[in-house]
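A.B. asks: The structure's right below; bear with me while I get my questions together.
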Amino acid sequence: MPVRPDPQTLITALTQARLSGQPLRAADWAAAIHSEAEAYAVQDGVAAALGWLEGPLVRHWKSGGATRSGPFSHAPVDPAGINSAARPWPLLGVEAEVALRLGRDVSPEAARAMAPEAAGHWLDAMAVAVELVASRWAEGLAAPALLRMADHQSHAGLLLGPWRPYAARNWSTQTCQIQIGSQPPVMHTGSHSLNDPAWLLPAWLKHLTRHGATVAAGTVVTTGSWVGCLPVQPGDRVSVDFAGLGHLTAPL
């Protein structure tokens with residue numbers, strides 16, 4: 001008799017998929033979760049099963065939102081995929097982003113009281129980042145939204161450039177150039193969906209502290225794409241430059 005899909009069986013299935021490299025069919029699991037809360041519980045369960053936690057929480061995250069009014073989405077990031085050449089899943093694309101690093105511990109009380117305009121005071125560093133996009137679903141980015149959320153928002157790895165001290169910037173004039181393989185460079189200016197990447201910190205930190213944990217200093221979050229998700233080919237190199245912020249070049 002088939003196992004009825006539910007969040008716990010999906011945790012087991014996604015954990016096994018990550019270990020085996022064998023994708024799942026979204027159609028088999030569409031009835032497993034019915035809310036963002038259940039999708040986040042699956043994220044947490046897979047991260048715990050695979051040993052991603054350092055203390056009560058994972059130390060690297062992705063977060064983003066289409067507008068300042070939200071909604072925002074969040075997902076823990078596999079620490080083994082930070083600046084790693086291992087690519088167990090075919091890449092669906094890459095995103096040019098800015099990563100931020102906490103300079104202080106953030107308690108649940110501090111997260112609840114944090115205003116977006118003051119969020120930068122909690123940061124000590126920032127870096128150019130490239131997020132690698134892949135999926136444990138055979139349907140890839142065409143899988144249902146809740147299943148993609150449960151699968152850590154289709155995250156496959158994170159490349160980080162050198163850290164530099166965090167400082168407020170005029171993000172509306174910030175340029176980002178990305179070149180992939182032999183494709184022509186793509187340039188964007190002021191294209192972050194929230195204008196200021198730090199705007200999402202309160203929403204992200206409230207999510208992390210929702211069960212009572214304190215977020216440790218040194219925790220990193222990457223903050224959403226400046227260029228969308230751009231396709232790649234095997235053997236490509238990616239080169240990203242944020243003027244005045246930093247540069248990153250790496251093979252894919």
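Chain lettering (A, B, ...) mirrors the order of the structure tokens, residue numbering begins at 1 for each chain separately, and ligand numbering begins at 1 in order of display.
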Among the residues of segment 127-198 of chain A, find those DSSP assigns to strand (DSSP E or B) from the backbone and print them as a ChimeraX atom specification.
C.D. replies: /A:127-133,137,155-160,164-165,175-180,186-189
A.B. asks: Take the residues that were just selected and, keeping N, CA and C atoms, output them as a tab-separated table (two decimals), in the first residue's frame.
C.D. replies:
```tsv
chain	number	residue	atom	x	y	z
A	127	ALA	N	29.49	40.93	1.05
A	127	ALA	CA	30.32	40.33	0.00
A	127	ALA	C	29.48	40.09	-1.25
A	128	VAL	N	30.15	40.11	-2.39
A	128	VAL	CA	29.53	39.66	-3.64
A	128	VAL	C	29.26	38.16	-3.53
A	129	ALA	N	28.13	37.72	-4.05
A	129	ALA	CA	27.76	36.31	-3.98
A	129	ALA	C	27.14	35.85	-5.29
A	130	VAL	N	27.32	34.57	-5.58
A	130	VAL	CA	26.62	33.93	-6.70
A	130	VAL	C	25.88	32.73	-6.13
A	131	GLU	N	24.56	32.75	-6.27
A	131	GLU	CA	23.79	31.57	-5.86
A	131	GLU	C	23.63	30.63	-7.04
A	132	LEU	N	23.86	29.35	-6.79
A	132	LEU	CA	23.67	28.31	-7.79
A	132	LEU	C	22.28	27.71	-7.60
A	133	VAL	N	21.56	27.54	-8.70
A	133	VAL	CA	20.17	27.10	-8.66
A	133	VAL	C	20.05	25.71	-9.26
A	137	TRP	N	13.49	18.27	-7.69
A	137	TRP	CA	12.27	17.88	-8.40
A	137	TRP	C	12.58	17.67	-9.87
A	155	HIS	N	17.91	25.75	-3.99
A	155	HIS	CA	19.30	26.14	-3.78
A	155	HIS	C	20.25	24.98	-4.06
A	156	ALA	N	21.39	25.30	-4.69
A	156	ALA	CA	22.37	24.27	-5.00
A	156	ALA	C	23.78	24.60	-4.52
A	157	GLY	N	24.05	25.83	-4.14
A	157	GLY	CA	25.38	26.20	-3.68
A	157	GLY	C	25.52	27.70	-3.65
A	158	LEU	N	26.55	28.16	-2.94
A	158	LEU	CA	26.76	29.59	-2.78
A	158	LEU	C	28.24	29.91	-2.90
A	159	LEU	N	28.57	30.78	-3.85
A	159	LEU	CA	29.93	31.26	-4.02
A	159	LEU	C	30.03	32.64	-3.40
A	160	LEU	N	31.03	32.85	-2.56
A	160	LEU	CA	31.18	34.12	-1.85
A	160	LEU	C	32.51	34.77	-2.21
A	164	ARG	N	34.04	42.43	3.02
A	164	ARG	CA	34.50	43.77	3.28
A	164	ARG	C	33.58	44.38	4.34
A	165	PRO	N	34.05	45.37	5.09
A	165	PRO	CA	33.21	45.94	6.15
A	165	PRO	C	31.88	46.45	5.60
A	175	THR	N	25.66	49.38	-9.46
A	175	THR	CA	25.68	48.59	-10.69
A	175	THR	C	26.14	47.17	-10.39
A	176	CYS	N	25.57	46.25	-11.15
A	176	CYS	CA	25.95	44.84	-11.08
A	176	CYS	C	26.13	44.33	-12.50
A	177	GLN	N	27.32	43.80	-12.79
A	177	GLN	CA	27.58	43.21	-14.10
A	177	GLN	C	27.89	41.74	-13.93
A	178	ILE	N	27.28	40.91	-14.76
A	178	ILE	CA	27.53	39.48	-14.73
A	178	ILE	C	27.81	38.99	-16.15
A	179	GLN	N	28.81	38.11	-16.26
A	179	GLN	CA	29.09	37.46	-17.53
A	179	GLN	C	29.18	35.97	-17.29
A	180	ILE	N	28.52	35.19	-18.14
A	180	ILE	CA	28.49	33.74	-18.02
A	180	ILE	C	29.07	33.15	-19.30
A	186	VAL	N	25.92	41.15	-18.86
A	186	VAL	CA	24.62	41.74	-18.54
A	186	VAL	C	24.84	42.75	-17.41
A	187	MET	N	24.35	43.97	-17.59
A	187	MET	CA	24.54	45.04	-16.61
A	187	MET	C	23.18	45.50	-16.09
A	188	HIS	N	23.08	45.65	-14.76
A	188	HIS	CA	21.88	46.20	-14.14
A	188	HIS	C	22.31	47.28	-13.15
A	189	THR	N	21.44	48.26	-12.94
A	189	THR	CA	21.68	49.33	-11.98
A	189	THR	C	20.48	49.46	-11.05
```
A.B. asks: Per residue of segment 50-147 of chain A within 8 Å of segment 215-234 of chain A, what are the shortest atom pair and its distance in Å to one decimal, counting only C-alpha atoms, with rows by chain and residue number, as JSON lines?
C.D. replies:
```
{"residue": "A:Leu57", "atom": "CA", "partner": "A:Val215", "partner_atom": "CA", "distance": 7.3}
{"residue": "A:Arg59", "atom": "CA", "partner": "A:Thr219", "partner_atom": "CA", "distance": 4.7}
{"residue": "A:His60", "atom": "CA", "partner": "A:Val220", "partner_atom": "CA", "distance": 4.8}
{"residue": "A:Trp61", "atom": "CA", "partner": "A:Val221", "partner_atom": "CA", "distance": 4.6}
{"residue": "A:Lys62", "atom": "CA", "partner": "A:Thr222", "partner_atom": "CA", "distance": 4.8}
{"residue": "A:Ser63", "atom": "CA", "partner": "A:Thr223", "partner_atom": "CA", "distance": 5.2}
{"residue": "A:Gly64", "atom": "CA", "partner": "A:Gly224", "partner_atom": "CA", "distance": 4.9}
{"residue": "A:Gly65", "atom": "CA", "partner": "A:Gly224", "partner_atom": "CA", "distance": 7.4}
{"residue": "A:Leu91", "atom": "CA", "partner": "A:Val232", "partner_atom": "CA", "distance": 7.1}
{"residue": "A:Leu92", "atom": "CA", "partner": "A:Pro231", "partner_atom": "CA", "distance": 6.2}
{"residue": "A:Gly93", "atom": "CA", "partner": "A:Pro231", "partner_atom": "CA", "distance": 4.3}
{"residue": "A:Val94", "atom": "CA", "partner": "A:Leu230", "partner_atom": "CA", "distance": 5.4}
{"residue": "A:Glu95", "atom": "CA", "partner": "A:Cys229", "partner_atom": "CA", "distance": 5.1}
{"residue": "A:Ala96", "atom": "CA", "partner": "A:Ser225", "partner_atom": "CA", "distance": 5.4}
{"residue": "A:Glu97", "atom": "CA", "partner": "A:Ser225", "partner_atom": "CA", "distance": 4.9}
{"residue": "A:Val98", "atom": "CA", "partner": "A:Thr222", "partner_atom": "CA", "distance": 5.9}
{"residue": "A:Ala99", "atom": "CA", "partner": "A:Thr222", "partner_atom": "CA", "distance": 4.1}
{"residue": "A:Leu100", "atom": "CA", "partner": "A:Val221", "partner_atom": "CA", "distance": 5.4}
{"residue": "A:Arg101", "atom": "CA", "partner": "A:Val220", "partner_atom": "CA", "distance": 4.5}
{"residue": "A:Leu102", "atom": "CA", "partner": "A:Ala217", "partner_atom": "CA", "distance": 5.1}
{"residue": "A:Gly103", "atom": "CA", "partner": "A:Ala217", "partner_atom": "CA", "distance": 5.1}
{"residue": "A:Arg104", "atom": "CA", "partner": "A:Ala217", "partner_atom": "CA", "distance": 4.4}
{"residue": "A:Asp105", "atom": "CA", "partner": "A:Ala216", "partner_atom": "CA", "distance": 4.5}
{"residue": "A:Val106", "atom": "CA", "partner": "A:Val215", "partner_atom": "CA", "distance": 5.0}
{"residue": "A:Ser107", "atom": "CA", "partner": "A:Val215", "partner_atom": "CA", "distance": 6.4}
{"residue": "A:Ala129", "atom": "CA", "partner": "A:Thr222", "partner_atom": "CA", "distance": 7.2}
{"residue": "A:Val133", "atom": "CA", "partner": "A:Cys229", "partner_atom": "CA", "distance": 7.9}
```
A.B. asks: Enumerate as a VMD selection string all residues of segment 7-236 of chain A assigned to alpha helix (DSSP H) by DSSP on the backbone, naming them with the chain letters and numbers the document uses.
C.D. replies: chain A and resid 7 to 20 36 to 49 108 to 113 145 to 150 201 to 208
A.B. asks: Take the residues from that selection and write them out as a short mmCIF file (atom, residue, chain, number, x, y, z; two decimals), in the first residue's frame, keeping N, CA and C atoms.
C.D. replies:
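Here's the written file out-v3.cif:
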```cif
data_model
loop_
_atom_site.label_atom_id
_atom_site.label_comp_id
_atom_site.auth_asym_id
_atom_site.auth_seq_id
_atom_site.Cartn_x
_atom_site.Cartn_y
_atom_site.Cartn_z
N PRO A 7 4.24 15.83 5.48
CA PRO A 7 5.54 16.50 5.66
C PRO A 7 6.65 15.59 6.15
N GLN A 8 6.37 14.67 7.04
CA GLN A 8 7.44 13.82 7.57
C GLN A 8 7.98 12.88 6.50
N THR A 9 7.09 12.29 5.70
CA THR A 9 7.59 11.41 4.64
C THR A 9 8.31 12.21 3.56
N LEU A 10 7.91 13.48 3.36
CA LEU A 10 8.62 14.32 2.40
C LEU A 10 10.02 14.65 2.90
N ILE A 11 10.18 14.88 4.21
CA ILE A 11 11.51 15.08 4.78
C ILE A 11 12.40 13.89 4.44
N THR A 12 11.89 12.69 4.65
CA THR A 12 12.66 11.49 4.37
C THR A 12 13.01 11.40 2.89
N ALA A 13 12.02 11.68 2.03
CA ALA A 13 12.24 11.55 0.59
C ALA A 13 13.23 12.59 0.07
N LEU A 14 13.12 13.84 0.51
CA LEU A 14 14.05 14.87 0.05
C LEU A 14 15.46 14.63 0.59
N THR A 15 15.54 14.14 1.82
CA THR A 15 16.86 13.80 2.36
C THR A 15 17.51 12.72 1.51
N GLN A 16 16.76 11.68 1.19
CA GLN A 16 17.30 10.59 0.37
C GLN A 16 17.65 11.08 -1.03
N ALA A 17 16.82 11.97 -1.58
CA ALA A 17 17.10 12.50 -2.92
C ALA A 17 18.43 13.24 -2.94
N ARG A 18 18.69 14.04 -1.90
CA ARG A 18 19.95 14.76 -1.84
C ARG A 18 21.13 13.80 -1.71
N LEU A 19 20.95 12.70 -0.99
CA LEU A 19 22.04 11.75 -0.80
C LEU A 19 22.27 10.88 -2.04
N SER A 20 21.19 10.57 -2.75
CA SER A 20 21.29 9.64 -3.89
C SER A 20 21.50 10.34 -5.22
N GLU A 36 2.92 27.29 3.91
CA GLU A 36 4.32 27.67 4.05
C GLU A 36 4.90 27.12 5.34
N ALA A 37 4.10 27.09 6.42
CA ALA A 37 4.61 26.56 7.69
C ALA A 37 5.05 25.11 7.52
N GLU A 38 4.28 24.32 6.78
CA GLU A 38 4.69 22.93 6.55
C GLU A 38 5.92 22.85 5.66
N ALA A 39 6.00 23.74 4.65
CA ALA A 39 7.19 23.75 3.79
C ALA A 39 8.44 24.10 4.60
N TYR A 40 8.32 25.07 5.50
CA TYR A 40 9.46 25.43 6.35
C TYR A 40 9.83 24.29 7.30
N ALA A 41 8.83 23.57 7.79
CA ALA A 41 9.13 22.43 8.65
C ALA A 41 9.91 21.36 7.88
N VAL A 42 9.58 21.17 6.61
CA VAL A 42 10.33 20.22 5.79
C VAL A 42 11.76 20.72 5.59
N GLN A 43 11.93 22.01 5.28
CA GLN A 43 13.29 22.56 5.18
C GLN A 43 14.10 22.24 6.42
N ASP A 44 13.53 22.55 7.58
CA ASP A 44 14.25 22.35 8.84
C ASP A 44 14.56 20.88 9.07
N GLY A 45 13.60 20.01 8.74
CA GLY A 45 13.81 18.58 8.95
C GLY A 45 14.92 18.02 8.09
N VAL A 46 14.97 18.44 6.82
CA VAL A 46 16.03 17.97 5.93
C VAL A 46 17.38 18.51 6.39
N ALA A 47 17.43 19.79 6.77
CA ALA A 47 18.69 20.38 7.23
C ALA A 47 19.21 19.64 8.46
N ALA A 48 18.31 19.29 9.40
CA ALA A 48 18.73 18.55 10.59
C ALA A 48 19.19 17.15 10.23
N ALA A 49 18.47 16.49 9.33
CA ALA A 49 18.82 15.11 8.96
C ALA A 49 20.18 15.04 8.27
N PRO A 108 15.46 36.58 20.01
CA PRO A 108 14.09 36.73 19.51
C PRO A 108 13.50 38.10 19.81
N GLU A 109 13.80 38.65 21.00
CA GLU A 109 13.28 39.96 21.36
C GLU A 109 13.85 41.05 20.45
N ALA A 110 15.15 40.96 20.17
CA ALA A 110 15.78 41.95 19.29
C ALA A 110 15.23 41.84 17.87
N ALA A 111 14.98 40.62 17.40
CA ALA A 111 14.43 40.44 16.06
C ALA A 111 13.04 41.06 15.95
N ARG A 112 12.22 40.85 16.97
CA ARG A 112 10.86 41.41 16.94
C ARG A 112 10.87 42.93 16.95
N ALA A 113 11.85 43.53 17.61
CA ALA A 113 11.91 44.98 17.73
C ALA A 113 12.64 45.65 16.58
N ALA A 145 5.01 25.81 -6.08
CA ALA A 145 5.77 26.74 -5.25
C ALA A 145 6.07 26.18 -3.87
N LEU A 146 5.12 25.51 -3.23
CA LEU A 146 5.37 24.99 -1.89
C LEU A 146 6.41 23.87 -1.91
N LEU A 147 6.42 23.08 -2.98
CA LEU A 147 7.43 22.03 -3.07
C LEU A 147 8.81 22.63 -3.33
N ARG A 148 8.86 23.70 -4.11
CA ARG A 148 10.15 24.37 -4.31
C ARG A 148 10.63 25.01 -3.01
N MET A 149 9.71 25.56 -2.23
CA MET A 149 10.08 26.11 -0.93
C MET A 149 10.61 25.01 -0.02
N ALA A 150 9.92 23.88 0.02
CA ALA A 150 10.37 22.76 0.85
C ALA A 150 11.76 22.30 0.44
N LEU A 201 16.28 42.02 6.58
CA LEU A 201 16.82 41.42 7.80
C LEU A 201 15.77 41.17 8.89
N PRO A 202 14.90 42.14 9.21
CA PRO A 202 13.92 41.86 10.27
C PRO A 202 13.04 40.66 9.96
N ALA A 203 12.53 40.56 8.73
CA ALA A 203 11.68 39.42 8.37
C ALA A 203 12.45 38.11 8.46
N TRP A 204 13.69 38.11 7.96
CA TRP A 204 14.52 36.90 8.02
C TRP A 204 14.82 36.51 9.46
N LEU A 205 15.19 37.47 10.30
CA LEU A 205 15.55 37.16 11.68
C LEU A 205 14.34 36.75 12.51
N LYS A 206 13.19 37.32 12.23
CA LYS A 206 11.98 36.86 12.91
C LYS A 206 11.69 35.40 12.55
N HIS A 207 11.94 35.04 11.30
CA HIS A 207 11.75 33.64 10.89
C HIS A 207 12.71 32.73 11.65
N LEU A 208 13.98 33.10 11.72
CA LEU A 208 14.97 32.24 12.38
C LEU A 208 14.71 32.11 13.87
#
```
A.B. asks: For a test of reading the model, state the distance in Å between atom CA of Asp241 of chain A and atom CA of Gln183 of chain A, rounded to one decimal.
C.D. replies: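 Straight-line distance from atom CA of Asp241 of chain A to atom CA of Gln183 of chain A works out to 15.4 Å.
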A.B. asks: Enter the distance from atom CA of Arg4 of chain A to atom CA of Glu139 of chain A, in Å, rounded to one decimal.
C.D. replies: 20.8 Å
A.B. asks: In Å, rounded to a single decimal, give me how far atom CA of Thr249 of chain A is from atom CA of Ser84 of chain A.
C.D. replies: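 Interatomic distance, atom CA of Ser84 of chain A to atom CA of Thr249 of chain A: 13.3 Å.
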A.B. asks: Kindly indicate which residue among A:Ala30, A:Ala75, A:Leu123, A:Leu252 lies nearest to Ser239 of chain A, using only C-alpha atoms for the distances.
C.D. replies: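 Selected residue with least distance to Ser239 of chain A: A:Leu252.
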A.B. asks: So, with only C-alpha atoms as the atoms that count, which of A:Gly120, A:Gly212, A:Pro71, A:Gly244 lies closest to Ala167 of chain A?
C.D. replies: A:Gly120
